[in-house]
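Report on the structure given below.
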Amino acid sequence: MSTLIQPPPPGYRKWWWVPALVVVVILVVGAVTWLPTVFRSDNSCGAGVVHSGPNDECVGITDGSTIFDAELTDIEHRILDENRSVETSGQPYVSIVLLSPMTTGDKPERIATVSGIRHRLEGAHLAQLAANRTGTWGDTPKIRLLLGNPGIEFAEWQTAVGAIEARRAADRIVAVTGISFSVDNAFRTIERLSELRIPVVGSTLTADDLPALRGFLRVSPSAAEHARTAAEYLSTLSRRILIVRDDSPADHYGRTLAEAFASSFPDDPQRFAGREEIYDSEIGNLDNAFHFMMPNICQNAPDTVYFAGRAAHALQFLTQLAGRRCGDTPIRVVTADDMAYYRLSDSPARMALGTEVSVLYTGLVHRQAWQDHPELFNPYSVEQFSLGCTGPVCYRDLSDDNLDDFAAVMEHDAAVTAVEAIRRAAGYAADNVQSDQVLQAMNSLHDQTAILGASGVLSFDENGLPTNKPIPILEALDGAPPRYLGLP
């Protein structure tokens, strides 16, 4: 009897389990990420706030009852208490929405920090308390402060603006403040709010290439003004300047700084030491990009580097600069206002200070400027921010932190601007204030009918930009507050 010889199984049958395993892995990963959302009994984070976007952020608006981060608990509770006091006062009231990222994400180069967010809330709440309790800008209507989270870098802005639109009537929303970063989604937010005829007062928004929009004001000088102020300060100090510029198409900040700074030396092209060094923050891998700038920097031997980009990127640049081969050659690195949100002592960038590097930046406010030029600032607001404040409304009652990142002061002044427009509108609306009346009142905030804030005069041109705002020059130090170098 013959024995049948079985041929070996085909190769594809031998490894049948490989694609099967891939399918199983995909199903498991999908289940882990998708099923919690499907079976979550409530997509809400709290009243008016929902889970949204790929980062599952809590997005929307709250009266302070929904806590965005544990570090914000105390200030949100204070805001909630004041809001409830306003609601039960029996007096007319309206609401302002502070719309700014309340979450930071986990990217190391993130442009928002939790401490900066907390300071913004504290500054806006100080303005709310002053408006409701001191009569500095009139008495009524009282002010409720709502907190709006548009997500990391405004990624979920449509959800947040949709919540404002839906709750506009019920919550008597007549203005929005904040909008604190010059990113594309922030611009889309402003455009949509303008279409809805809701006034907007930006706090630290600095980009120049925004169209003039109805009812849009900014209390912070533009990035171009910061760059021109830096150029003015350096005009007699620096003979060889190299520009390092962020070329990201999604962030207008670096491009605006670089163009305005370079244009400040139209008749002195020899001032610049070599071509601009360019990086793209949207691509990432910045440590590598900065590392390969170092040979050119040493070759061109600038005495000053003007860093036209975000401070988070400037820290990475400084870290690479600390290891340059020409480490015994002094270099002054100058950048703009968001350097204030970071401390050199918390970053490897501090090593640069030991290699003949100094770090300067254009600021927004400083206590020494308050002392040296009291005529430029509102004395009542300055007193409320002072270390020795003893009145009914004091920043020290809200926070033990310093004001070095400007966030509290600028958010305070944005809220003050909105309050002043609201109170002026109330004079004609018999306290029944609507957003259209606030839009009309905003037109009067200039020249002799402007007001003073803690950061300087709040007077706006026809494009909504502040005029004659002081811009101090500051030096970042390791483990100490910034050194005030003066007002150019």
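Labels used: A, B, ... for chains in the order of the structure tokens, numbers from 1 for residues in each chain, and numbers from 1 for ligands as shown.
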
Which residues are near Asp246 of chain A? Cut-off 7 Å, only C-alpha atoms, ignore same chain within fewer than 3 positions. Put them as a list of chain:residue names.
A:Gly254, A:Arg255, A:Ile278, A:Tyr279, A:Asp280, A:Ser281, A:Ala308, A:Gly309

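Near Glu195 of chain A, within a cut-off of 12 Å and counting only C-alpha atoms, sit the residues A:Val161, A:Glu165, A:Arg188, A:Thr189, A:Ile190, A:Glu191, A:Arg192, A:Leu193, A:Arg197, A:Ile198, A:Pro199, A:Val200, A:Leu213, A:Arg214, A:Gly215, A:Phe216, with same-chain residues fewer than 2 positions away left out.
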
Looking at only C-alpha atoms, which of A:Thr62, A:Leu196, A:Asn463, A:Arg118 is the one that sits closest to Asp74 of chain A?
A:Arg118

Closest of A:Tyr395, A:Trp370, A:Tyr233, A:Phe460 to Arg218 of chain A - atom-to-atom distances counting only C-alpha atoms:
A:Phe460

Spatial neighbours of Val94 of chain A, 7 Å, only C-alpha atoms, chain gap at least 2 places, as a compact mmCIF listing (two decimals) with all heavy atoms, in the first residue's frame:
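Saved file around-v9.txt follows:
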# COMPACT_ATOMS: atom_id res chain seq x y z
N ILE A 96 -19.32 89.37 31.33
CA ILE A 96 -18.15 89.41 30.46
C ILE A 96 -17.57 88.00 30.45
O ILE A 96 -17.47 87.36 31.49
CB ILE A 96 -17.09 90.39 30.99
CG1 ILE A 96 -17.62 91.82 30.96
CG2 ILE A 96 -15.80 90.29 30.19
CD1 ILE A 96 -16.70 92.82 31.65
N PRO A 141 -24.28 98.59 35.40
CA PRO A 141 -24.68 97.29 35.92
C PRO A 141 -23.52 96.57 36.60
O PRO A 141 -22.36 96.83 36.31
CB PRO A 141 -25.14 96.54 34.68
CG PRO A 141 -24.35 97.14 33.57
CD PRO A 141 -24.22 98.59 33.91
N LYS A 142 -23.83 95.65 37.50
CA LYS A 142 -22.83 94.82 38.12
C LYS A 142 -22.25 93.85 37.07
O LYS A 142 -22.86 93.60 36.04
CB LYS A 142 -23.41 94.03 39.29
CG LYS A 142 -23.96 94.91 40.41
CD LYS A 142 -22.86 95.76 41.04
CE LYS A 142 -23.39 96.54 42.22
NZ LYS A 142 -22.37 97.47 42.79
N ILE A 143 -21.10 93.30 37.38
CA ILE A 143 -20.36 92.49 36.40
C ILE A 143 -20.23 91.05 36.88
O ILE A 143 -19.70 90.78 37.97
CB ILE A 143 -18.96 93.06 36.15
CG1 ILE A 143 -19.04 94.54 35.70
CG2 ILE A 143 -18.22 92.22 35.12
CD1 ILE A 143 -19.78 94.77 34.41
N ARG A 144 -20.74 90.13 36.08
CA ARG A 144 -20.43 88.72 36.25
C ARG A 144 -19.27 88.39 35.32
O ARG A 144 -19.18 88.90 34.20
CB ARG A 144 -21.62 87.82 35.86
CG ARG A 144 -22.77 87.83 36.82
CD ARG A 144 -23.96 87.07 36.26
NE ARG A 144 -23.80 85.63 36.33
CZ ARG A 144 -23.86 84.80 35.29
NH1 ARG A 144 -24.04 85.27 34.06
NH2 ARG A 144 -23.77 83.49 35.46
N ARG A 172 -26.80 87.22 29.69
CA ARG A 172 -26.61 88.66 29.49
C ARG A 172 -25.16 88.97 29.12
O ARG A 172 -24.53 89.89 29.66
CB ARG A 172 -27.01 89.45 30.74
CG ARG A 172 -28.39 89.10 31.26
CD ARG A 172 -28.74 89.90 32.50
NE ARG A 172 -29.90 89.34 33.18
CZ ARG A 172 -30.44 89.84 34.30
NH1 ARG A 172 -29.91 90.93 34.85
NH2 ARG A 172 -31.49 89.26 34.86
N ILE A 173 -24.61 88.21 28.19
CA ILE A 173 -23.23 88.38 27.75
C ILE A 173 -23.15 89.57 26.80
O ILE A 173 -23.83 89.60 25.76
CB ILE A 173 -22.71 87.11 27.05
CG1 ILE A 173 -22.68 85.94 28.04
CG2 ILE A 173 -21.32 87.35 26.45
CD1 ILE A 173 -22.40 84.59 27.41
N VAL A 174 -22.32 90.56 27.15
CA VAL A 174 -22.22 91.76 26.33
C VAL A 174 -20.80 92.03 25.85
O VAL A 174 -20.58 92.97 25.07
CB VAL A 174 -22.75 93.00 27.09
CG1 VAL A 174 -24.24 92.84 27.40
CG2 VAL A 174 -21.94 93.28 28.35

One-decimal distance in Å that lies between atom CA of Asp447 of chain A and atom CA of Ser381 of chain A:
19.7 Å

Between A:Ala415, A:Leu146, A:Ile471, A:Met339, single out the one closest to Ala127 of chain A, counting only C-alpha atoms.
A:Ala415

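Here the question is which of A:Ser100, A:Thr319, A:Thr390, A:Gln128 gets nearest to Ile79 of chain A using only C-alpha atoms, and that residue is A:Gln128.
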
Quick one: residues within 12 Å of Gln299 of chain A, only C-alpha atoms, excluding same-chain residues fewer than 2 positions away - as a PyMOL selection string?
chain A and resi 242+273-275+293-297+301-303+324-326+329

Report the distance between atom CA of Leu98 of chain A and atom CA of Gly148 of chain A in Å, rounded to one decimal place.
5.8 Å

If we count only C-alpha atoms, what is near Ala160 of chain A at a cut-off of 10 Å, once residues fewer than 3 positions away on the same chain are taken out, given as a list in words?
Gly48, Val49, Val50, Ser52, Cys58, Val59, Gly60, Ile61, Leu99, Ser100, Gly148, Asn149, Pro150, Gly151, Phe154, Ala155, Glu156, Trp157, Ala163, Ile164, Glu165, Ala166 and Thr189 of chain A

Residues from last step as file, N, CA and C atoms, as an mmCIF file, in the first residue's frame:
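Below you can see part_12.cif, which holds the result:
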data_model
loop_
_atom_site.group_PDB
_atom_site.id
_atom_site.type_symbol
_atom_site.label_atom_id
_atom_site.label_comp_id
_atom_site.auth_asym_id
_atom_site.auth_seq_id
_atom_site.Cartn_x
_atom_site.Cartn_y
_atom_site.Cartn_z
ATOM 1 N N GLY A 48 -22.417 73.896 31.104
ATOM 2 C CA GLY A 48 -21.893 74.736 30.031
ATOM 3 C C GLY A 48 -20.571 74.305 29.454
ATOM 4 N N VAL A 49 -20.004 73.177 29.938
ATOM 5 C CA VAL A 49 -18.679 72.740 29.501
ATOM 6 C C VAL A 49 -18.743 71.268 29.121
ATOM 7 N N VAL A 50 -18.211 70.929 27.939
ATOM 8 C CA VAL A 50 -18.306 69.551 27.440
ATOM 9 C C VAL A 50 -16.932 69.045 27.031
ATOM 10 N N SER A 52 -14.409 67.773 24.426
ATOM 11 C CA SER A 52 -14.357 68.096 23.007
ATOM 12 C C SER A 52 -12.953 67.906 22.463
ATOM 13 N N CYS A 58 -12.064 69.888 28.364
ATOM 14 C CA CYS A 58 -13.324 70.460 28.836
ATOM 15 C C CYS A 58 -13.449 71.857 28.243
ATOM 16 N N VAL A 59 -14.347 71.996 27.279
ATOM 17 C CA VAL A 59 -14.456 73.217 26.477
ATOM 18 C C VAL A 59 -15.834 73.823 26.655
ATOM 19 N N GLY A 60 -15.886 75.151 26.709
ATOM 20 C CA GLY A 60 -17.164 75.852 26.862
ATOM 21 C C GLY A 60 -17.003 76.996 27.834
ATOM 22 N N ILE A 61 -18.096 77.427 28.469
ATOM 23 C CA ILE A 61 -18.035 78.535 29.415
ATOM 24 C C ILE A 61 -18.667 78.136 30.740
ATOM 25 N N LEU A 99 -12.213 84.680 27.590
ATOM 26 C CA LEU A 99 -12.026 83.562 26.667
ATOM 27 C C LEU A 99 -10.544 83.409 26.360
ATOM 28 N N SER A 100 -9.939 82.379 26.938
ATOM 29 C CA SER A 100 -8.515 82.128 26.760
ATOM 30 C C SER A 100 -8.256 80.682 27.138
ATOM 31 N N GLY A 148 -14.238 81.148 29.723
ATOM 32 C CA GLY A 148 -14.410 80.356 28.510
ATOM 33 C C GLY A 148 -13.126 79.675 28.104
ATOM 34 N N ASN A 149 -13.195 78.368 27.864
ATOM 35 C CA ASN A 149 -12.028 77.619 27.397
ATOM 36 C C ASN A 149 -12.208 77.222 25.939
ATOM 37 N N PRO A 150 -11.397 77.783 25.029
ATOM 38 C CA PRO A 150 -11.447 77.388 23.618
ATOM 39 C C PRO A 150 -10.485 76.255 23.292
ATOM 40 N N GLY A 151 -9.874 75.656 24.307
ATOM 41 C CA GLY A 151 -8.954 74.553 24.087
ATOM 42 C C GLY A 151 -7.526 75.004 23.862
ATOM 43 N N PHE A 154 -6.533 77.391 21.095
ATOM 44 C CA PHE A 154 -7.832 77.707 20.494
ATOM 45 C C PHE A 154 -8.314 76.627 19.522
ATOM 46 N N ALA A 155 -7.854 75.396 19.702
ATOM 47 C CA ALA A 155 -8.205 74.329 18.765
ATOM 48 C C ALA A 155 -9.701 74.050 18.749
ATOM 49 N N GLU A 156 -10.394 74.262 19.878
ATOM 50 C CA GLU A 156 -11.837 73.993 19.974
ATOM 51 C C GLU A 156 -12.637 75.291 20.058
ATOM 52 N N TRP A 157 -12.177 76.304 19.356
ATOM 53 C CA TRP A 157 -12.804 77.617 19.453
ATOM 54 C C TRP A 157 -14.261 77.620 19.010
ATOM 55 N N ALA A 163 -21.008 78.055 22.476
ATOM 56 C CA ALA A 163 -21.578 78.142 23.822
ATOM 57 C C ALA A 163 -21.894 79.582 24.189
ATOM 58 N N ILE A 164 -21.022 80.504 23.803
ATOM 59 C CA ILE A 164 -21.287 81.925 24.062
ATOM 60 C C ILE A 164 -22.539 82.377 23.330
ATOM 61 N N GLU A 165 -22.645 81.988 22.073
ATOM 62 C CA GLU A 165 -23.813 82.371 21.285
ATOM 63 C C GLU A 165 -25.093 81.788 21.880
ATOM 64 N N ALA A 166 -25.039 80.533 22.308
ATOM 65 C CA ALA A 166 -26.232 79.881 22.849
ATOM 66 C C ALA A 166 -26.660 80.495 24.173
ATOM 67 N N THR A 189 -11.648 83.100 15.900
ATOM 68 C CA THR A 189 -12.540 83.359 17.028
ATOM 69 C C THR A 189 -13.009 84.811 17.017
#
